[in-house]
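Read through the structure below, which is laid out as structure tokens, and then see the notes.
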Amino acid sequence: MQGKRLIPYARQSIDDRDVEELVKVIRSDFITQGPKINEFEESLATYCGAEYAVTFNSGTSALHAAYHALGIGDGDEVITTPNTFVATSNAALYLGAKPVFTDLEMNTGNMDLSKVEMNITSKTKLIVPVHYGGYPLDLVTLHKIAQKYEVPLIEDAAHALGAKYRGERIGNCRFSAMTVFSFHPVKHITTGEGGAVLTNDPEYYENLLMFRTHGITKKNFVNHPHGDWYYEMQFLGYNYRMTDIQAVLGVTQLKKLDGFVKRRREIAALYDEAFRDNSYIQTVKEKKDSFSSYHLYPILLKNPYHTQKKEIFDNLRKEGLGVQIHYIPVYLQPYYQRLGYKNGSCPVAEDFYQREISIPLYPAMTNDDVDYVIKTIFEVFESIGVV
Ligand SMILES: *Cc1c(COP(=O)(O)O)cnc(C)c1O
């Protein structure tokens, strides 16, 4: 019987309140470019403690817009991590820039800040850290490095909505030019697809607004307006707009975010307790300055189990755990290899990849689900036998 249940690694939580509000919007006059966009943006900016939020139709388009707002272009270098979804570095490629991958620190999966400086050149125009799994990296240290070379930071915080660094929410942009979130269903809150950029800078804000709608504006005209209908396209943008159907979910979901994070942290604490001091796996330990929102719960296989990852993964799946791997180092993707990126360039990231498995973690998990995950993991390790 138990073998039949499937516990995914992540799952959205949608309730009647979300559905009721969604139905109201679908029946209303505005299903896109309406009032829910502003409402979501204002509540998100307020929640995070930033001046402005601009929504997009995905986290990927939000990254693209943020890099564009900084003027990233041909030949520029963008320092980022290989332990991320391809979107983080793809957004640099969209603009003709070159991603430069910096290796990881093994115990968190975040960028190794001692290795950033050696990657900085005269072409470096941007550094994009990812708060891997929802665990905020040391922004003060990274900010110091960035300031020394006068290079701006953009936080890819797709994993870190609801997380805190030194007691303040990720997204307040205290240490970065902009912060990017994703609202894909595996993330902390969902709008189906969706994303947002937060910033405190009015110029970036205007640029982001225009970028998501073809570079069009209805103010600060270059030419003399022809009449009330007049608008101007001042640079090449895209249609990257979120709809009101999505934004209303953002509004209702955001109200539940703190509850979601609280439940994620309870589950993580149960896992921490169960996996303390065992011979199979190690886990990420939270440190003083970083309050994780636990997008992921990564387990790392200890020696020699890392050589049996495929078997362990397959057995966990067979027992109904929808485990996932985060991530295949981006530069190992065939497209990146064709661009000339080489295996072995970030050895810690490759080692991390060999050891990492993300186990189920989402707010709707019951304590029974959690017990089942823990029990199954130990059973799988006991059954495989060391080679
Ligand atoms: C999910 C994710 C993205 C992309 O977001 P989408 O909304 O799926 O486009 C970017 N970076 C990271 C680290 C992510 O996890």
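Residues in the structure tokens are named by chain (A, B, ... in the order shown) and by number from 1 within that chain; ligands are numbered from 1 in the order shown.
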
(request) Output as a VMD selection string all residues of stretch 64-102 of chain A that backbone DSSP marks as helix (DSSP H, G or I). (result) chain A and resid 64 to 69 87 to 94

Keeping only all heavy atoms, write those residues as a JSON list (two decimals), in the first residue's frame.
```json
[["chain", "number", "residue", "atom", "x", "y", "z"],
["A", 64, "HIS", "N", 16.04, 38.34, -17.12],
["A", 64, "HIS", "CA", 16.41, 39.00, -18.38],
["A", 64, "HIS", "C", 16.24, 40.51, -18.25],
["A", 64, "HIS", "O", 17.12, 41.30, -18.60],
["A", 64, "HIS", "CB", 15.52, 38.42, -19.50],
["A", 64, "HIS", "CG", 15.87, 38.86, -20.88],
["A", 64, "HIS", "ND1", 15.10, 38.53, -21.97],
["A", 64, "HIS", "CD2", 16.89, 39.60, -21.38],
["A", 64, "HIS", "CE1", 15.65, 39.04, -23.06],
["A", 64, "HIS", "NE2", 16.73, 39.71, -22.73],
["A", 65, "ALA", "N", 15.09, 40.91, -17.68],
["A", 65, "ALA", "CA", 14.78, 42.34, -17.52],
["A", 65, "ALA", "C", 15.76, 43.01, -16.56],
["A", 65, "ALA", "O", 16.21, 44.13, -16.81],
["A", 65, "ALA", "CB", 13.36, 42.50, -17.00],
["A", 66, "ALA", "N", 16.08, 42.32, -15.48],
["A", 66, "ALA", "CA", 16.98, 42.91, -14.48],
["A", 66, "ALA", "C", 18.37, 43.13, -15.07],
["A", 66, "ALA", "O", 18.98, 44.19, -14.89],
["A", 66, "ALA", "CB", 17.05, 42.00, -13.25],
["A", 67, "TYR", "N", 18.88, 42.13, -15.80],
["A", 67, "TYR", "CA", 20.21, 42.28, -16.40],
["A", 67, "TYR", "C", 20.19, 43.41, -17.43],
["A", 67, "TYR", "O", 21.12, 44.20, -17.53],
["A", 67, "TYR", "CB", 20.67, 40.99, -17.09],
["A", 67, "TYR", "CG", 20.85, 39.76, -16.23],
["A", 67, "TYR", "CD1", 20.56, 39.76, -14.86],
["A", 67, "TYR", "CD2", 21.30, 38.56, -16.79],
["A", 67, "TYR", "CE1", 20.72, 38.61, -14.09],
["A", 67, "TYR", "CE2", 21.46, 37.41, -16.03],
["A", 67, "TYR", "CZ", 21.16, 37.44, -14.68],
["A", 67, "TYR", "OH", 21.31, 36.30, -13.93],
["A", 68, "HIS", "N", 19.09, 43.48, -18.19],
["A", 68, "HIS", "CA", 18.94, 44.54, -19.19],
["A", 68, "HIS", "C", 18.94, 45.92, -18.54],
["A", 68, "HIS", "O", 19.57, 46.86, -19.05],
["A", 68, "HIS", "CB", 17.66, 44.33, -19.99],
["A", 68, "HIS", "CG", 17.34, 45.46, -20.92],
["A", 68, "HIS", "ND1", 16.59, 46.55, -20.50],
["A", 68, "HIS", "CD2", 17.69, 45.70, -22.20],
["A", 68, "HIS", "CE1", 16.49, 47.40, -21.51],
["A", 68, "HIS", "NE2", 17.15, 46.91, -22.55],
["A", 69, "ALA", "N", 18.26, 46.03, -17.40],
["A", 69, "ALA", "CA", 18.17, 47.34, -16.72],
["A", 69, "ALA", "C", 19.55, 47.84, -16.31],
["A", 69, "ALA", "O", 19.77, 49.05, -16.20],
["A", 69, "ALA", "CB", 17.25, 47.25, -15.51],
["A", 87, "ALA", "N", 18.31, 29.14, -16.16],
["A", 87, "ALA", "CA", 17.80, 30.50, -16.42],
["A", 87, "ALA", "C", 18.77, 31.60, -15.95],
["A", 87, "ALA", "O", 18.87, 32.65, -16.59],
["A", 87, "ALA", "CB", 16.46, 30.69, -15.73],
["A", 88, "THR", "N", 19.45, 31.37, -14.83],
["A", 88, "THR", "CA", 20.31, 32.41, -14.24],
["A", 88, "THR", "C", 21.38, 32.86, -15.24],
["A", 88, "THR", "O", 21.61, 34.05, -15.43],
["A", 88, "THR", "CB", 20.97, 31.90, -12.95],
["A", 88, "THR", "OG1", 20.01, 31.21, -12.17],
["A", 88, "THR", "CG2", 21.59, 33.04, -12.15],
["A", 89, "SER", "N", 22.04, 31.90, -15.87],
["A", 89, "SER", "CA", 23.09, 32.24, -16.83],
["A", 89, "SER", "C", 22.52, 32.45, -18.23],
["A", 89, "SER", "O", 23.08, 33.24, -19.01],
["A", 89, "SER", "CB", 24.18, 31.18, -16.83],
["A", 89, "SER", "OG", 23.63, 29.90, -16.96],
["A", 90, "ASN", "N", 21.43, 31.77, -18.58],
["A", 90, "ASN", "CA", 20.82, 31.99, -19.90],
["A", 90, "ASN", "C", 20.46, 33.46, -20.10],
["A", 90, "ASN", "O", 20.62, 34.01, -21.21],
["A", 90, "ASN", "CB", 19.54, 31.16, -20.07],
["A", 90, "ASN", "CG", 19.82, 29.69, -20.33],
["A", 90, "ASN", "OD1", 20.98, 29.27, -20.45],
["A", 90, "ASN", "ND2", 18.78, 28.89, -20.40],
["A", 91, "ALA", "N", 19.99, 34.10, -19.05],
["A", 91, "ALA", "CA", 19.58, 35.51, -19.17],
["A", 91, "ALA", "C", 20.77, 36.38, -19.56],
["A", 91, "ALA", "O", 20.59, 37.41, -20.23],
["A", 91, "ALA", "CB", 18.94, 35.99, -17.87],
["A", 92, "ALA", "N", 21.98, 35.99, -19.16],
["A", 92, "ALA", "CA", 23.18, 36.72, -19.61],
["A", 92, "ALA", "C", 23.41, 36.46, -21.10],
["A", 92, "ALA", "O", 23.70, 37.39, -21.87],
["A", 92, "ALA", "CB", 24.39, 36.29, -18.79],
["A", 93, "LEU", "N", 23.25, 35.21, -21.52],
["A", 93, "LEU", "CA", 23.44, 34.85, -22.94],
["A", 93, "LEU", "C", 22.43, 35.59, -23.83],
["A", 93, "LEU", "O", 22.78, 36.02, -24.93],
["A", 93, "LEU", "CB", 23.30, 33.34, -23.14],
["A", 93, "LEU", "CG", 24.36, 32.45, -22.48],
["A", 93, "LEU", "CD1", 24.03, 30.98, -22.71],
["A", 93, "LEU", "CD2", 25.76, 32.77, -23.00],
["A", 94, "TYR", "N", 21.20, 35.76, -23.36],
["A", 94, "TYR", "CA", 20.18, 36.48, -24.16],
["A", 94, "TYR", "C", 20.70, 37.85, -24.58],
["A", 94, "TYR", "O", 20.32, 38.38, -25.61],
["A", 94, "TYR", "CB", 18.90, 36.74, -23.35],
["A", 94, "TYR", "CG", 18.12, 35.53, -22.89],
["A", 94, "TYR", "CD1", 17.23, 35.64, -21.81],
["A", 94, "TYR", "CD2", 18.23, 34.29, -23.51],
["A", 94, "TYR", "CE1", 16.50, 34.55, -21.37],
["A", 94, "TYR", "CE2", 17.50, 33.19, -23.06],
["A", 94, "TYR", "CZ", 16.64, 33.34, -22.00],
["A", 94, "TYR", "OH", 15.91, 32.27, -21.56]]
```

(message) Neighbouring residues of stretch 299-313 of chain A were defined as those with any atom within 7 Å, considering only C-alpha atoms; residues of the same chain fewer than 2 positions away were excluded. Please report them as an NGL selection string.
(response) :A and (280-283 or 297 or 315-317 or 354-358 or 380)

(request) Residues within 8 Å of ligand 1, counting only C-alpha atoms and all ligand atoms: report them as an NGL selection string. (result) :A and (57-63 or 84-88 or 130-132 or 156-159 or 181-184 or 186-187 or 193-195)

Skip stretch 242-251 of chain A itself and residues of its chain fewer than 2 positions away, then list as a compact mmCIF listing (two decimals) with C-alpha atoms, in the first residue's frame all residues within 9 Å of it, counting only C-alpha atoms.
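Listing of result29.txt after writing:
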```
# COMPACT_ATOMS: atom_id res chain seq x y z
CA ILE A 14 -3.88 26.22 -3.41
CA ASP A 18 -7.21 31.39 -3.89
CA VAL A 19 -9.89 29.87 -6.12
CA GLU A 21 -10.47 35.36 -5.71
CA LEU A 22 -9.30 33.87 -9.00
CA VAL A 23 -12.88 33.37 -10.17
CA VAL A 25 -10.87 38.20 -11.55
CA ILE A 26 -11.78 35.96 -14.48
CA PHE A 30 -9.55 43.16 -16.51
CA ILE A 31 -7.91 39.79 -16.90
CA THR A 32 -4.63 41.43 -17.88
CA GLN A 33 -3.12 44.93 -17.41
CA GLY A 34 -5.64 45.50 -14.62
CA PRO A 35 -5.58 46.44 -10.95
CA LYS A 36 -4.38 43.10 -9.55
CA ILE A 37 -0.92 43.67 -11.02
CA ASN A 38 -0.37 46.80 -8.94
CA GLU A 39 -1.93 45.22 -5.89
CA PHE A 40 0.43 42.25 -6.06
CA GLU A 41 3.45 44.44 -6.78
CA SER A 43 2.13 43.94 -1.41
CA LEU A 44 5.29 42.14 -2.56
CA THR A 55 5.99 41.48 -12.07
CA PHE A 56 6.86 39.35 -15.11
CA ASN A 57 5.45 36.26 -16.77
CA SER A 58 8.30 34.12 -15.41
CA PHE A 183 6.43 32.02 -8.77
CA ILE A 189 4.19 30.98 -3.63
CA THR A 190 2.79 30.43 -7.11
CA THR A 191 1.04 32.32 -9.88
CA GLY A 192 1.24 29.32 -12.26
CA GLU A 193 4.16 30.87 -14.11
CA GLY A 194 5.48 34.21 -12.98
CA GLY A 195 8.31 36.24 -11.56
CA TYR A 240 6.80 39.73 -20.63
CA GLN A 253 -0.70 33.34 -1.85
CA LEU A 254 1.53 36.07 -0.41
CA LYS A 255 -0.83 36.37 2.58
```

(message) Env of A:Val323: 6 Å cut, atoms = only C-alpha atoms, seq-sep filter 2 positions within chain, self excluded. Answer as a ChimeraX atom specification.
(response) /A:9,321,358-359

Counting only C-alpha atoms, give me one row per residue of stretch 177-219 of chain A with an atom at most 12 Å from an atom of stretch 118-129 of chain A, showing the shortest contact pair and its distance in Å to one decimal, sorted by chain then residue number, as JSON lines.
```
{"residue": "A:Ala177", "atom": "CA", "partner": "A:Leu126", "partner_atom": "CA", "distance": 9.9}
{"residue": "A:Met178", "atom": "CA", "partner": "A:Val128", "partner_atom": "CA", "distance": 9.9}
{"residue": "A:Thr179", "atom": "CA", "partner": "A:Val128", "partner_atom": "CA", "distance": 9.5}
{"residue": "A:Val180", "atom": "CA", "partner": "A:Val128", "partner_atom": "CA", "distance": 10.1}
```

(request) Please give the complete set of residues from stretch 144-378 of chain A that DSSP, run on the backbone, assigns to strand (DSSP E), formatted as a ChimeraX atom specification. (result) /A:154-156,164-165,168-169,178-182,195-199,216-217,232-233,281-283,290-291,297-301,321-322,356-359

(request) Please provide the set of residues having any atom within 9 Å of A:Phe235, restricted to only C-alpha atoms, with same-chain residues fewer than 6 positions apart removed, written as a PyMOL selection string. (result) chain A and resi 210-211+214-216

For those residues, write N, CA, C and O atoms to a file as a short mmCIF file (atom, residue, chain, number, x, y, z; two decimals), in the first residue's frame.
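That gives us result_7.cif:
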```cif
data_model
loop_
_atom_site.label_atom_id
_atom_site.label_comp_id
_atom_site.auth_asym_id
_atom_site.auth_seq_id
_atom_site.Cartn_x
_atom_site.Cartn_y
_atom_site.Cartn_z
N MET A 210 9.17 49.25 -18.76
CA MET A 210 9.16 49.38 -20.22
C MET A 210 9.59 48.07 -20.89
O MET A 210 9.03 47.67 -21.90
N PHE A 211 10.60 47.41 -20.29
CA PHE A 211 11.15 46.19 -20.90
C PHE A 211 10.07 45.11 -21.04
O PHE A 211 10.05 44.36 -22.00
N HIS A 214 7.53 45.84 -24.50
CA HIS A 214 8.11 46.25 -25.79
C HIS A 214 8.99 47.49 -25.75
O HIS A 214 9.34 48.02 -26.80
N GLY A 215 9.33 47.97 -24.56
CA GLY A 215 10.10 49.21 -24.49
C GLY A 215 9.21 50.43 -24.69
O GLY A 215 9.69 51.52 -25.02
N ILE A 216 7.90 50.22 -24.50
CA ILE A 216 6.92 51.29 -24.72
C ILE A 216 6.68 52.10 -23.45
O ILE A 216 6.65 51.54 -22.35
#
```

(request) Go through A:Asp371, A:Asp29, A:Glu168, A:Glu155 and flag the residue nearest A:Leu198, using only C-alpha atoms for the distances. (result)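 Result for the nearest residue to A:Leu198: A:Glu155.
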
(request) Can you work out the spacing between atom CA of A:Asn278 and atom CA of A:Tyr353 in Å, to one decimal? (result) 20.3 Å

(message) Set the distance at 12 Å and use only C-alpha atoms: which residues neighbour A:Tyr135 once local chain neighbours fewer than 4 positions away are removed? I'd like the list as a count of residues only.
(response) 37
